[in-house]
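J.: Once you've had a glance at the structure underneath, I'll fire off some questions.
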Amino acid sequence: MTPRLLRLLVGLVLYGFADSLIIRAAIGVEPWTVLAQGVSERTGWGIGILTNVIGLGVLLLWIPLRQRPGLGTLLNVLLVGTTIEVGLWLIPPVDLLWLQILLFAAGLLLLAVASGIYIGAALGPGPRDGLMTGIHTRLGWPIWVARGLVEGSVLLVGWLLGGDVGIGTLVFAVTIGPLCGLTLRWFGALGRYGSMKSAPEPAPDRPPANDTPKDTDARRPALPHP
């Protein structure tokens with residue numbers, strides 16, 4: 001197993017477990033989980049299973065956008081929802097507010113760390129992220145517009161179906177960007193995608209001070225003829 005693949009698997013499993021912590025906190029979840037919860041209320045299916053099914057449905061939307069999934073994309077569809085189901089089985093519901101806040105904070109921080117780990121593997125974006133970038137590429141919309149419209153629509157539909165929208169949803173929306181910005185830098189993920197500034201090129205070696213002009217000229221590379 002290559003280090004990048006191992007990193008991807010660890011990151012995706014942690015991501016799903018972080019989602020289960022946020023769900024158990026029951027003070028509001030992120031938009032796509034709101035949708036999964038709403039559909040779960042109507043169908044009786046597990047939230048984790050529906051996360052996988054919704055991810056697969058989103059992946060189908062890549063076809064008209066001409067996006068190509070990577071190994072990380074496919075494993076994201078298979079593993080995140082499955083790990084959510086395992087996490088919800090392991091973590092009991094809580095009803096004390098301080099425990100809910102603690103679970104939410106732990107889940108939020110762990111999700112940011114998991115994002116830095118799995119994105120840093122650079123084996124393909126998740127289906128939802130690929131949808132945003134595909135809309136940006138094909139339609140020319142800014143990423144923030146594409147993300148806002150898609151996640152706003154998902155949030156509204158999920159809420160109408162009975163998904164958990166609360167203060168945690170707002171806190172997630174405000175804090176997840178800055179937190180992931182930190183973890184992506186910590187794990188070198190921004191560098192892999194070219195978002196970090198590249199290191200400055202070293203200055204060319206200068207000839208020693210005691211070089212004669214003749215020696216200096218000899219060191220210069222020959223210039224091509226025009």
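Just remember, in the structure tokens the first chain shown is A, the second B, etc., residues are 1-based per chain, and ligands are 1-based in the order shown.
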List as number ranges by chain the protein and nucleic acid residues near Gly152 in chain A, meaning an atom at most 12 Å away when only C-alpha atoms are counted, but skip any in the same chain fewer than 4 places from it.

T.: A: 30-32, 34-35, 144-148, 156-159, 169, 173

J.: For all heavy atoms, I'd like the residues from the last selection saved as a compact mmCIF listing (two decimals), in the first residue's frame.

T.:
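Done, and the output landed in result.txt:
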```txt
# COMPACT_ATOMS: atom_id res chain seq x y z
N GLU A 30 -23.76 20.07 8.83
CA GLU A 30 -23.45 20.77 7.58
C GLU A 30 -24.50 20.42 6.51
O GLU A 30 -25.24 19.44 6.65
CB GLU A 30 -22.04 20.42 7.13
CG GLU A 30 -21.74 18.95 6.97
CD GLU A 30 -21.95 18.49 5.54
OE1 GLU A 30 -22.09 19.35 4.65
OE2 GLU A 30 -21.98 17.27 5.32
N PRO A 31 -24.59 21.24 5.44
CA PRO A 31 -25.72 21.12 4.50
C PRO A 31 -25.95 19.73 3.91
O PRO A 31 -27.10 19.26 3.85
CB PRO A 31 -25.37 22.14 3.41
CG PRO A 31 -24.58 23.18 4.11
CD PRO A 31 -23.78 22.44 5.13
N TRP A 32 -24.89 19.04 3.48
CA TRP A 32 -25.10 17.74 2.85
C TRP A 32 -25.61 16.71 3.85
O TRP A 32 -26.38 15.82 3.50
CB TRP A 32 -23.82 17.26 2.18
CG TRP A 32 -23.48 18.03 0.94
CD1 TRP A 32 -22.58 19.05 0.83
CD2 TRP A 32 -24.05 17.86 -0.37
NE1 TRP A 32 -22.55 19.53 -0.46
CE2 TRP A 32 -23.44 18.82 -1.22
CE3 TRP A 32 -25.01 17.01 -0.89
CZ2 TRP A 32 -23.76 18.93 -2.57
CZ3 TRP A 32 -25.34 17.11 -2.24
CH2 TRP A 32 -24.73 18.06 -3.06
N VAL A 34 -27.49 17.55 6.42
CA VAL A 34 -28.89 17.94 6.60
C VAL A 34 -29.76 17.23 5.56
O VAL A 34 -30.83 16.70 5.87
CB VAL A 34 -29.06 19.47 6.47
CG1 VAL A 34 -30.55 19.84 6.48
CG2 VAL A 34 -28.37 20.19 7.62
N LEU A 35 -29.29 17.20 4.32
CA LEU A 35 -30.03 16.51 3.27
C LEU A 35 -30.15 15.02 3.57
O LEU A 35 -31.24 14.43 3.44
CB LEU A 35 -29.35 16.72 1.92
CG LEU A 35 -29.99 16.02 0.72
CD1 LEU A 35 -31.42 16.49 0.51
CD2 LEU A 35 -29.16 16.23 -0.54
N TRP A 144 -17.22 30.42 -5.20
CA TRP A 144 -18.07 30.76 -4.06
C TRP A 144 -19.54 30.84 -4.48
O TRP A 144 -20.43 30.51 -3.69
CB TRP A 144 -17.62 32.07 -3.41
CG TRP A 144 -17.81 33.31 -4.24
CD1 TRP A 144 -16.94 33.85 -5.12
CD2 TRP A 144 -18.97 34.15 -4.25
NE1 TRP A 144 -17.46 34.99 -5.69
CE2 TRP A 144 -18.71 35.20 -5.17
CE3 TRP A 144 -20.20 34.14 -3.58
CZ2 TRP A 144 -19.62 36.21 -5.44
CZ3 TRP A 144 -21.10 35.15 -3.85
CH2 TRP A 144 -20.81 36.17 -4.76
N VAL A 145 -19.81 31.25 -5.72
CA VAL A 145 -21.19 31.28 -6.21
C VAL A 145 -21.72 29.86 -6.39
O VAL A 145 -22.83 29.53 -5.96
CB VAL A 145 -21.28 32.06 -7.54
CG1 VAL A 145 -22.67 31.93 -8.14
CG2 VAL A 145 -20.94 33.53 -7.31
N ALA A 146 -20.90 29.01 -7.04
CA ALA A 146 -21.31 27.62 -7.26
C ALA A 146 -21.56 26.91 -5.93
O ALA A 146 -22.57 26.23 -5.75
CB ALA A 146 -20.25 26.89 -8.08
N ARG A 147 -20.64 27.10 -5.00
CA ARG A 147 -20.78 26.44 -3.70
C ARG A 147 -22.00 26.97 -2.95
O ARG A 147 -22.77 26.21 -2.35
CB ARG A 147 -19.51 26.64 -2.87
CG ARG A 147 -19.49 25.81 -1.61
CD ARG A 147 -18.21 26.01 -0.81
NE ARG A 147 -18.11 25.00 0.21
CZ ARG A 147 -17.40 23.90 0.13
NH1 ARG A 147 -16.73 23.66 -0.96
NH2 ARG A 147 -17.36 23.03 1.11
N GLY A 148 -22.18 28.29 -2.97
CA GLY A 148 -23.29 28.89 -2.25
C GLY A 148 -24.64 28.42 -2.78
O GLY A 148 -25.54 28.08 -2.02
N LEU A 156 -31.73 23.82 2.03
CA LEU A 156 -33.17 24.10 2.04
C LEU A 156 -33.98 22.82 1.87
O LEU A 156 -34.94 22.58 2.61
CB LEU A 156 -33.51 25.10 0.91
CG LEU A 156 -34.99 25.44 0.76
CD1 LEU A 156 -35.54 26.09 2.03
CD2 LEU A 156 -35.19 26.36 -0.45
N VAL A 157 -33.59 21.99 0.90
CA VAL A 157 -34.32 20.74 0.67
C VAL A 157 -34.22 19.84 1.89
O VAL A 157 -35.22 19.25 2.34
CB VAL A 157 -33.78 20.02 -0.59
CG1 VAL A 157 -34.40 18.63 -0.72
CG2 VAL A 157 -34.06 20.84 -1.84
N GLY A 158 -33.02 19.72 2.45
CA GLY A 158 -32.84 18.87 3.64
C GLY A 158 -33.67 19.36 4.82
O GLY A 158 -34.26 18.55 5.55
N TRP A 159 -33.72 20.68 5.02
CA TRP A 159 -34.50 21.24 6.12
C TRP A 159 -35.99 20.98 5.92
O TRP A 159 -36.70 20.63 6.86
CB TRP A 159 -34.22 22.73 6.22
CG TRP A 159 -35.04 23.43 7.26
CD1 TRP A 159 -34.96 23.29 8.62
CD2 TRP A 159 -36.09 24.38 7.00
NE1 TRP A 159 -35.90 24.10 9.24
CE2 TRP A 159 -36.59 24.78 8.27
CE3 TRP A 159 -36.63 24.95 5.85
CZ2 TRP A 159 -37.62 25.71 8.40
CZ3 TRP A 159 -37.65 25.87 5.98
CH2 TRP A 159 -38.14 26.24 7.24
N THR A 169 -25.05 24.41 12.44
CA THR A 169 -24.97 24.58 10.99
C THR A 169 -24.29 25.91 10.66
O THR A 169 -23.43 25.99 9.78
CB THR A 169 -26.38 24.55 10.37
OG1 THR A 169 -27.05 23.37 10.80
CG2 THR A 169 -26.31 24.58 8.86
N ALA A 173 -20.54 26.55 8.99
CA ALA A 173 -20.36 27.34 7.77
C ALA A 173 -19.31 28.43 7.96
O ALA A 173 -18.54 28.73 7.05
CB ALA A 173 -21.70 27.95 7.35
```

J.: Which residues, written as JSON, numbers by chain, have at least one atom at most 10 Å from Pro69 in chain A, with only C-alpha atoms counted and residues fewer than 3 positions away on the same chain left out?

T.: {"A": [59, 62, 63, 66, 72, 73, 74, 123, 124, 125, 126, 127, 130]}

J.: Write out as a PyMOL selection string each polymer residue whose atoms come within 9 Å of Val150 in chain A, counting only C-alpha atoms; drop sequence neighbours fewer than 5 positions from it.

T.: chain A and resi 131-132+145+155

J.: Assign secondary structure with DSSP using the backbone only, and return the residues of range 1-132 of chain A in alpha helix (DSSP H) as an mmCIF file with C-alpha atoms, in the first residue's frame.

T.:
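What ended up in result34.cif:
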```cif
data_model
loop_
_atom_site.group_PDB
_atom_site.id
_atom_site.type_symbol
_atom_site.label_atom_id
_atom_site.label_comp_id
_atom_site.auth_asym_id
_atom_site.auth_seq_id
_atom_site.Cartn_x
_atom_site.Cartn_y
_atom_site.Cartn_z
ATOM 1 C CA PRO A 3 1.846 6.122 1.493
ATOM 2 C CA ARG A 4 -0.566 8.313 -0.472
ATOM 3 C CA LEU A 5 -3.240 5.621 -0.547
ATOM 4 C CA LEU A 6 -2.786 4.949 3.168
ATOM 5 C CA ARG A 7 -3.084 8.676 3.831
ATOM 6 C CA LEU A 8 -6.269 8.813 1.770
ATOM 7 C CA LEU A 9 -7.863 5.891 3.623
ATOM 8 C CA VAL A 10 -6.983 7.281 7.061
ATOM 9 C CA GLY A 11 -8.309 10.718 6.115
ATOM 10 C CA LEU A 12 -11.620 9.404 4.776
ATOM 11 C CA VAL A 13 -12.241 7.184 7.799
ATOM 12 C CA LEU A 14 -11.511 10.086 10.162
ATOM 13 C CA TYR A 15 -13.783 12.317 8.093
ATOM 14 C CA GLY A 16 -16.706 9.924 8.446
ATOM 15 C CA PHE A 17 -16.093 9.522 12.173
ATOM 16 C CA ALA A 18 -15.972 13.319 12.568
ATOM 17 C CA ASP A 19 -19.323 13.576 10.817
ATOM 18 C CA SER A 20 -20.802 11.053 13.242
ATOM 19 C CA LEU A 21 -19.605 13.165 16.196
ATOM 20 C CA ILE A 22 -21.298 16.244 14.741
ATOM 21 C CA ILE A 23 -24.513 14.304 14.086
ATOM 22 C CA ARG A 24 -24.596 12.950 17.644
ATOM 23 C CA ALA A 25 -24.101 16.481 18.999
ATOM 24 C CA PRO A 31 -25.723 21.121 4.502
ATOM 25 C CA TRP A 32 -25.103 17.739 2.846
ATOM 26 C CA THR A 33 -25.696 15.914 6.128
ATOM 27 C CA VAL A 34 -28.890 17.943 6.599
ATOM 28 C CA LEU A 35 -30.034 16.511 3.272
ATOM 29 C CA ALA A 36 -29.073 12.960 4.294
ATOM 30 C CA GLN A 37 -30.941 13.387 7.588
ATOM 31 C CA GLY A 38 -34.015 14.720 5.821
ATOM 32 C CA VAL A 39 -34.099 11.824 3.371
ATOM 33 C CA SER A 40 -33.517 9.448 6.292
ATOM 34 C CA GLU A 41 -36.581 10.878 8.046
ATOM 35 C CA ARG A 42 -38.680 10.094 4.971
ATOM 36 C CA THR A 43 -37.247 6.701 4.036
ATOM 37 C CA ILE A 47 -27.749 8.544 7.406
ATOM 38 C CA GLY A 48 -24.425 6.939 6.514
ATOM 39 C CA ILE A 49 -25.907 4.764 3.778
ATOM 40 C CA LEU A 50 -27.734 7.773 2.366
ATOM 41 C CA THR A 51 -24.498 9.771 2.425
ATOM 42 C CA ASN A 52 -23.002 7.133 0.128
ATOM 43 C CA VAL A 53 -26.089 7.073 -2.103
ATOM 44 C CA ILE A 54 -26.183 10.880 -2.370
ATOM 45 C CA GLY A 55 -22.463 10.902 -3.129
ATOM 46 C CA LEU A 56 -23.062 8.441 -5.963
ATOM 47 C CA GLY A 57 -25.902 10.622 -7.277
ATOM 48 C CA VAL A 58 -23.676 13.694 -7.187
ATOM 49 C CA LEU A 59 -21.013 11.731 -9.040
ATOM 50 C CA LEU A 60 -23.487 11.169 -11.891
ATOM 51 C CA TRP A 62 -20.083 14.982 -13.120
ATOM 52 C CA ILE A 63 -20.919 13.435 -16.522
ATOM 53 C CA PRO A 64 -22.407 16.536 -18.182
ATOM 54 C CA LEU A 65 -19.728 18.641 -16.478
ATOM 55 C CA LEU A 71 -9.427 6.790 -6.906
ATOM 56 C CA GLY A 72 -9.997 9.181 -4.018
ATOM 57 C CA THR A 73 -13.379 10.146 -5.450
ATOM 58 C CA LEU A 74 -14.600 6.555 -5.580
ATOM 59 C CA LEU A 75 -13.264 5.688 -2.126
ATOM 60 C CA ASN A 76 -14.902 8.841 -0.764
ATOM 61 C CA VAL A 77 -18.299 7.590 -1.961
ATOM 62 C CA LEU A 78 -17.719 4.173 -0.390
ATOM 63 C CA LEU A 79 -16.005 4.976 2.907
ATOM 64 C CA VAL A 80 -17.313 8.230 4.382
ATOM 65 C CA GLY A 81 -20.934 7.143 4.765
ATOM 66 C CA THR A 82 -19.932 3.671 5.920
ATOM 67 C CA THR A 83 -17.741 5.155 8.646
ATOM 68 C CA ILE A 84 -20.583 7.471 9.675
ATOM 69 C CA GLU A 85 -22.749 4.403 10.264
ATOM 70 C CA VAL A 86 -20.023 2.777 12.379
ATOM 71 C CA GLY A 87 -19.510 5.995 14.345
ATOM 72 C CA LEU A 88 -23.225 6.386 15.057
ATOM 73 C CA TRP A 89 -23.295 2.790 16.273
ATOM 74 C CA LEU A 90 -20.344 3.400 18.626
ATOM 75 C CA LEU A 97 -25.780 20.675 26.384
ATOM 76 C CA TRP A 98 -22.131 20.726 27.457
ATOM 77 C CA LEU A 99 -21.638 17.237 26.042
ATOM 78 C CA GLN A 100 -23.343 18.257 22.815
ATOM 79 C CA ILE A 101 -21.042 21.265 22.473
ATOM 80 C CA LEU A 102 -18.013 19.084 23.264
ATOM 81 C CA LEU A 103 -18.986 16.494 20.646
ATOM 82 C CA PHE A 104 -19.627 19.181 18.043
ATOM 83 C CA ALA A 105 -16.297 20.927 18.684
ATOM 84 C CA ALA A 106 -14.404 17.628 18.576
ATOM 85 C CA GLY A 107 -16.141 16.636 15.356
ATOM 86 C CA LEU A 108 -15.488 20.008 13.717
ATOM 87 C CA LEU A 109 -11.775 19.963 14.558
ATOM 88 C CA LEU A 110 -11.388 16.325 13.544
ATOM 89 C CA LEU A 111 -13.158 16.975 10.244
ATOM 90 C CA ALA A 112 -10.756 19.810 9.440
ATOM 91 C CA VAL A 113 -7.764 17.585 10.232
ATOM 92 C CA ALA A 114 -9.233 14.726 8.186
ATOM 93 C CA SER A 115 -9.731 17.089 5.241
ATOM 94 C CA GLY A 116 -6.081 18.077 5.320
ATOM 95 C CA ILE A 117 -5.021 14.429 5.441
ATOM 96 C CA TYR A 118 -7.161 13.058 2.619
ATOM 97 C CA ILE A 119 -6.958 16.073 0.309
ATOM 98 C CA GLY A 120 -3.200 16.046 0.734
ATOM 99 C CA PRO A 127 -17.927 14.085 -5.326
ATOM 100 C CA ARG A 128 -19.329 17.276 -3.802
ATOM 101 C CA ASP A 129 -16.116 19.272 -4.223
ATOM 102 C CA GLY A 130 -15.811 18.014 -7.786
ATOM 103 C CA LEU A 131 -19.338 19.247 -8.492
ATOM 104 C CA MET A 132 -18.356 22.775 -7.416
#
```

J.: Between CA of Leu96 in chain A and CA of Gly177 in chain A, what is the distance in Å, rounded to a tenth?

T.: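 The value is 27.8 Å.
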
J.: For Gln67 in chain A, which residue among A:Ile135, A:Leu161, A:Leu149, A:Val174 is the nearest when counting only C-alpha atoms?

T.: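 Distance minimum relative to Gln67 in chain A lands on A:Ile135.
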